[in-house]
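Quick notes on the structure that follows.
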Amino acid sequence: MSDNDFTILDEEEKKEQRDGGTEKEKSHELTASEHGKKDDNSSEYEKICFICHRPESVTGKMIDLPNNITVCPDCMQRSFDAMTSGAVDLNRLMNMPGVQFVNMSDLENMQPKQQKIKKKKEKPKEFHQLDIKNIPAPHKIKARLDEYVVGQEYAKKAMSVAVYNHYKRVATDTMDDIEIEKSNMLMIGPTGCGKTYLVKTLARLLDVPLAITDATSLTEAGYIGDDIESVVSKLLAAADNDVERAEQGIIFIDEIDKIAKKHNTNQRDVSGESVQQGMLKLLEGSEVEVPVGANSKNAMVPLTTVNTKNILFICGGAFPDLEDIIRERLQKKTSMGFNAELKDKLDHDKDLLSKVTVEDLRKFGMIPEFLGRLPIIFTLKGLDKDMLVKILKEPKNAILKQYQKLLALDEVRLDFDDDALEAIAEKAMEKDTGARALRAIIEEFMLDIMYEIPKDDSIGEVTITRAYIEGTGGPVIRLRGQAVPRLG
C-alpha cells in the first residue's frame with residue numbers, strides 16, 4: 001500500500017470523526033438515546049425551570065440549555081424580550097468574533113441531563129360527586145365524634161346537624177327554585193375544651209379537605225401579613241390543588257376573637273374590624289383568585305379561581321372577658337325587688353357562657369354583618385375534674401392508651417390507679433389550660449419511668465399511684481413472677 005493510500009485513509013477517518021463516528025457507533029448512540037428516552041418516560045421525575053422553578057406539568061414543554069439547564073418557554077420569551085427592548089444591538093453582536101446565537105429549534109431537540117423534581121403521585125379524585133345516600137346521618141356523625149371527644153354533647157349535636165345539612169345542600173346544588181343557605185358555624189369555648197379537635201375529627205370522618213388557619217396572622221389588604229384569601233389557598237393546598245375538591249372542603253378559622261374591633265385606639269385597625277369586613281364575601285360565597293402552590297399572590301405562580309359558595313366555614317375562639325359582658329347584661333334585668341337574683345350567684349355560674357347572645361358578641365367587638373353570616377352559634381363547656389379523668393382514659397387515642405402501648409412494646413404492662421387519675425386531673429385544673437395540661441403533667445411524671453424501665457428486663461408491670469403523682473411515694477413495680485413495692 002502506497003503513501004497516498006495512507007493519506008486517503010487518514011482523511012476518511014477524520015471525515016468519520018467529523019460526521020459523528022462510524023455507522024456502528026451511530027447506531028450504538030441511537031440505541032442509547034432511545035433507551036434514555038424510555039427511562040425518561042417511565043421516570044417519576046419531571047423537569048423544573050431554572051428561573052421560576054415551576055415544574056414541566058405547569059409550564060408545558062421545557063427548553064433544554066447546555067450545562068443541564070432547563071428553562072420554560074415563558075421565561076425564555078421574557079429573556080429575549082428584555083434583550084430586544086434594551087440597549088443591546090444584536091446586529092453588532094452577530095458580527096463579533098466568538099459570539100454565537102443558538103437556534104431555538106435546535107435547543108428543543110437537544111437532550112442533555114436535565115434538572116428534575118419528583119412528580120407528585122396523582123391520587124384518585126374522590127368525593128367529587130356527592131351522593132345524598134352516602135352522606136352519614138347526624139346520629140352517625142355524632143357517634144363517631146363520641147369515640148374521640150368526651151362531653152360537649154350539645155356542640156357535637158349542633159355540628160353533626162349543620163354538617164349534614166351543608167353537604168345535603170352541596171349534593172343538591174341544582175335544586176329547582178329553593179336555594180338553601182350556608183350553615184357556617186361559630187364555636188365559643190375556653191382554651192383546651194376541644195374546638196380544634198372536634199373539627200379535625202369531623203374532617204377525617206367525612207374525608208374532605210380541611211384547612212386550619214389562625215385569624216391572628218390575617219391583615220387588611222396592602223399590609224404585611226397574610227391576605228384574607230390565604231385561607232382559601234391553604235384549603236387548595238390541602239386538596240392537592242384540585243379546585244373541584246377544594247370547593248367542597250372545610251375551613252376552620254381559629255382565634256376568631258382576636259380580630260374583634262379594637263376599642264379606644266387612635267391607630268388604624270389593620271387586623272381587627274377591617275379583617276372582618278374583608279371576610280364578609282368570603283363567608284357568604286364569592287369567586288376568589290388564589291395562587292396555586294403558594295400563599296402569596298406576588299409569587300411567580302399561576303392563579304386559579306375558587307368559588308367559596310360551597311365551602312363550610314367554622315370559626316372558633318375563646319372570647320376572653322365575654323362572660324363579664326353576659327354577667328353585666330343579666331344583672332341589669334333584676335337587681336332589686338322580691339324576684340331579684342343575688343349578684344354573686346352569677347359569679348359561680350359555670351354555664352354562664354352558654355347564655356351568650358348576638359348582642360353580647362357585638363359588644364365584644366364583632367361587627368353585625370360578620371355575625372349575620374355565622375347563623376349557627378354554640379358554646380363548649382369548660383372541663384371539670386370528671387371530664388378530665390374521662391379524657392385521660394376513654395377516647396380511642398387517650399393519653400394513657402398511648403403510654404400503655406409504648407410500654408407494651410417493651411413487654412411491660414402500665415396501670416393507673418383511679419386516685420392517681422384524679423390527682424392528675426386536679427393538677428390540670430390548677431393550670432387552667434384545659435385538656436392541654438394533661439399531656440404536660442403526664443410527660444413530667446412518666447419521664448423517669450420511661451427512662452428506667454428499659455434498663456431492667458425483669459420488670460413486668462408498673463402501677464402509677466396517687467402518692468407518686470403527689471410526690472410522697474413511688475410507683476408500684478411488679479417483677480415478673482412477684483410483686484415488690486418500691487418507694488421513694
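Order determines the names: the first chain of the C-alpha cells is A, the second B, and so forth; residues in each chain are numbered 1 upward, and ligands are numbered 1 upward as they are shown.
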Review point. Counting only C-alpha atoms, what is within 6 Å of region 365-378 of chain A, bar same-chain residues fewer than 4 positions away, as JSON, numbers by chain?
Key: {"A": [184, 185, 186, 187, 260, 261, 361]}
Review point. Could you name the residues that touch Thr216 (chain A) at 9 Å or less, counting only C-alpha atoms, but leaving out those on the same chain fewer than 6 positions away, as a ChimeraX atom specification?
Key: /A:254-259,271
Check your understanding: Which polymer residues have any atom within 10 Å of an atom of Pro454 (chain A), counting only C-alpha atoms, with same-chain residues fewer than 2 positions away left out, as a ChimeraX atom specification?
Key -> /A:407,410-412,449-452,456-459
Would you mind listing what lies within 8 Å of region 310-325 of chain A as a PDB file with C-alpha atoms, in the first residue's frame, with only C-alpha atoms counted and same-chain residues fewer than 4 positions away left out?
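As written to disk, selection32.pdb reads:
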ATOM      1  CA  HIS A 166     -74.444  21.606  54.470  1.00  0.00           C
ATOM      2  CA  VAL A 170     -73.869  20.780  48.184  1.00  0.00           C
ATOM      3  CA  LYS A 182     -74.906  28.005  54.009  1.00  0.00           C
ATOM      4  CA  SER A 183     -74.720  26.931  57.645  1.00  0.00           C
ATOM      5  CA  ASN A 184     -71.425  28.454  58.775  1.00  0.00           C
ATOM      6  CA  MET A 185     -70.670  27.945  62.461  1.00  0.00           C
ATOM      7  CA  LEU A 186     -69.181  29.918  65.336  1.00  0.00           C
ATOM      8  CA  MET A 187     -67.794  27.913  68.277  1.00  0.00           C
ATOM      9  CA  ILE A 188     -67.227  29.655  71.589  1.00  0.00           C
ATOM     10  CA  GLY A 189     -65.382  27.921  74.378  1.00  0.00           C
ATOM     11  CA  PRO A 190     -62.440  28.250  76.771  1.00  0.00           C
ATOM     12  CA  THR A 191     -58.975  27.092  75.756  1.00  0.00           C
ATOM     13  CA  LYS A 195     -62.702  23.104  69.495  1.00  0.00           C
ATOM     14  CA  THR A 196     -59.898  22.283  67.050  1.00  0.00           C
ATOM     15  CA  ALA A 246     -61.394  22.190  47.483  1.00  0.00           C
ATOM     16  CA  GLU A 247     -64.782  23.788  46.781  1.00  0.00           C
ATOM     17  CA  GLN A 248     -66.386  21.078  48.956  1.00  0.00           C
ATOM     18  CA  GLY A 249     -63.969  21.390  51.860  1.00  0.00           C
ATOM     19  CA  ILE A 250     -63.995  22.859  55.357  1.00  0.00           C
ATOM     20  CA  ILE A 251     -62.061  25.926  56.544  1.00  0.00           C
ATOM     21  CA  PHE A 252     -61.567  26.273  60.290  1.00  0.00           C
ATOM     22  CA  ILE A 253     -60.507  29.768  61.379  1.00  0.00           C
ATOM     23  CA  ASP A 254     -59.210  29.616  64.936  1.00  0.00           C
ATOM     24  CA  GLU A 255     -58.702  32.548  67.332  1.00  0.00           C
ATOM     25  CA  ILE A 256     -61.526  34.448  65.606  1.00  0.00           C
ATOM     26  CA  ASP A 257     -61.965  36.572  68.721  1.00  0.00           C
ATOM     27  CA  LEU A 283     -68.098  33.602  54.161  1.00  0.00           C
ATOM     28  CA  GLY A 285     -69.769  32.857  48.803  1.00  0.00           C
ATOM     29  CA  ARG A 329     -76.426  42.113  80.906  1.00  0.00           C
ATOM     30  CA  LEU A 352     -72.695  31.391  82.008  1.00  0.00           C
ATOM     31  CA  LEU A 353     -71.076  31.227  78.553  1.00  0.00           C
ATOM     32  CA  ASP A 360     -73.073  40.176  73.638  1.00  0.00           C
ATOM     33  CA  LEU A 361     -70.757  39.271  70.755  1.00  0.00           C
ATOM     34  CA  LYS A 363     -70.388  44.385  72.370  1.00  0.00           C
ATOM     35  CA  PHE A 364     -67.267  42.229  72.415  1.00  0.00           C
TER      36      PHE A 364
END
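Take CA of Pro475 (chain A) and CA of Met387 (chain A): the distance between them is 24.4 Å.
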Check your understanding: Which residues come within 12 Å of Lys393 (chain A), counting only C-alpha atoms, excluding same-chain residues fewer than 4 positions away, as a ChimeraX atom specification?
Key -> /A:147-150,386-389,397-404,415-418,421-422,424-425,438
Check your understanding: In Å to one decimal, how far is CA of Ile442 (chain A) from CA of Lys385 (chain A)?
Key ->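 About the pair CA of Lys385 (chain A) and CA of Ile442 (chain A): they are 15.6 Å apart.
Atom to atom, CA of Asn67 (chain A) and CA of Phe50 (chain A) stand 11.3 Å apart.
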Check your understanding: Using only C-alpha atoms, which residues sit within 8 Å of region 229-237 of chain A once same-chain residues fewer than 3 positions away are excluded, as an NGL selection string?
Key -> :A and (209-211 or 213 or 226 or 240-243 or 246 or 249-251 or 288-296 or 306)
Export of prior selection with N, CA and C atoms as an mmCIF file, in the first residue's frame:
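The result, written out as out.cif:
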data_model
loop_
_atom_site.group_PDB
_atom_site.id
_atom_site.type_symbol
_atom_site.label_atom_id
_atom_site.label_comp_id
_atom_site.auth_asym_id
_atom_site.auth_seq_id
_atom_site.Cartn_x
_atom_site.Cartn_y
_atom_site.Cartn_z
ATOM 1 N N PRO A 209 -61.285 17.801 52.321
ATOM 2 C CA PRO A 209 -60.117 18.624 52.636
ATOM 3 C C PRO A 209 -60.410 19.584 53.778
ATOM 4 N N LEU A 210 -59.423 19.754 54.650
ATOM 5 C CA LEU A 210 -59.582 20.644 55.796
ATOM 6 C C LEU A 210 -58.390 21.586 55.854
ATOM 7 N N ALA A 211 -58.649 22.873 56.013
ATOM 8 C CA ALA A 211 -57.596 23.860 56.209
ATOM 9 C C ALA A 211 -57.826 24.530 57.557
ATOM 10 N N THR A 213 -56.527 27.466 59.941
ATOM 11 C CA THR A 213 -55.735 28.697 59.887
ATOM 12 C C THR A 213 -55.998 29.526 61.129
ATOM 13 N N ASP A 226 -50.744 37.940 56.250
ATOM 14 C CA ASP A 226 -51.490 37.114 55.301
ATOM 15 C C ASP A 226 -52.722 37.858 54.809
ATOM 16 N N ASP A 240 -54.660 19.104 47.301
ATOM 17 C CA ASP A 240 -53.699 18.782 46.233
ATOM 18 C C ASP A 240 -53.977 19.595 44.979
ATOM 19 N N ASN A 241 -54.298 20.870 45.176
ATOM 20 C CA ASN A 241 -54.545 21.819 44.079
ATOM 21 C C ASN A 241 -55.696 21.387 43.172
ATOM 22 N N ASP A 242 -56.593 20.576 43.700
ATOM 23 C CA ASP A 242 -57.795 20.171 42.961
ATOM 24 C C ASP A 242 -58.913 21.145 43.339
ATOM 25 N N VAL A 243 -59.253 22.041 42.403
ATOM 26 C CA VAL A 243 -60.214 23.108 42.706
ATOM 27 C C VAL A 243 -61.584 22.529 43.038
ATOM 28 N N ALA A 246 -61.546 21.128 46.480
ATOM 29 C CA ALA A 246 -61.394 22.190 47.483
ATOM 30 C C ALA A 246 -62.703 22.933 47.702
ATOM 31 N N GLY A 249 -64.727 21.618 50.636
ATOM 32 C CA GLY A 249 -63.969 21.390 51.860
ATOM 33 C C GLY A 249 -64.471 22.205 53.038
ATOM 34 N N ILE A 250 -63.672 22.159 54.112
ATOM 35 C CA ILE A 250 -63.995 22.859 55.357
ATOM 36 C C ILE A 250 -62.813 23.761 55.710
ATOM 37 N N ILE A 251 -63.093 25.004 56.062
ATOM 38 C CA ILE A 251 -62.061 25.926 56.544
ATOM 39 C C ILE A 251 -62.366 26.260 57.997
ATOM 40 N N VAL A 288 -62.860 33.681 44.303
ATOM 41 C CA VAL A 288 -61.617 34.243 44.816
ATOM 42 C C VAL A 288 -60.457 33.738 43.963
ATOM 43 N N GLU A 289 -59.571 34.645 43.566
ATOM 44 C CA GLU A 289 -58.367 34.245 42.833
ATOM 45 C C GLU A 289 -57.255 33.965 43.833
ATOM 46 N N VAL A 290 -56.748 32.741 43.814
ATOM 47 C CA VAL A 290 -55.694 32.350 44.751
ATOM 48 C C VAL A 290 -54.542 31.743 43.964
ATOM 49 N N PRO A 291 -53.295 31.909 44.462
ATOM 50 C CA PRO A 291 -52.141 31.310 43.774
ATOM 51 C C PRO A 291 -52.099 29.800 43.991
ATOM 52 N N VAL A 292 -51.628 29.068 42.985
ATOM 53 C CA VAL A 292 -51.512 27.611 43.073
ATOM 54 C C VAL A 292 -50.117 27.284 43.580
ATOM 55 N N GLY A 293 -50.043 26.683 44.769
ATOM 56 C CA GLY A 293 -48.755 26.268 45.305
ATOM 57 C C GLY A 293 -48.024 27.329 46.082
ATOM 58 N N ALA A 294 -48.669 28.432 46.429
ATOM 59 C CA ALA A 294 -48.028 29.483 47.234
ATOM 60 C C ALA A 294 -49.094 30.246 47.986
ATOM 61 N N ASN A 295 -48.674 30.898 49.082
ATOM 62 C CA ASN A 295 -49.622 31.670 49.879
ATOM 63 C C ASN A 295 -49.670 33.133 49.479
ATOM 64 N N SER A 296 -48.695 33.580 48.700
ATOM 65 C CA SER A 296 -48.613 34.990 48.327
ATOM 66 C C SER A 296 -48.930 35.174 46.852
ATOM 67 N N VAL A 306 -61.345 30.048 42.792
ATOM 68 C CA VAL A 306 -62.062 29.123 43.680
ATOM 69 C C VAL A 306 -63.347 29.804 44.131
#
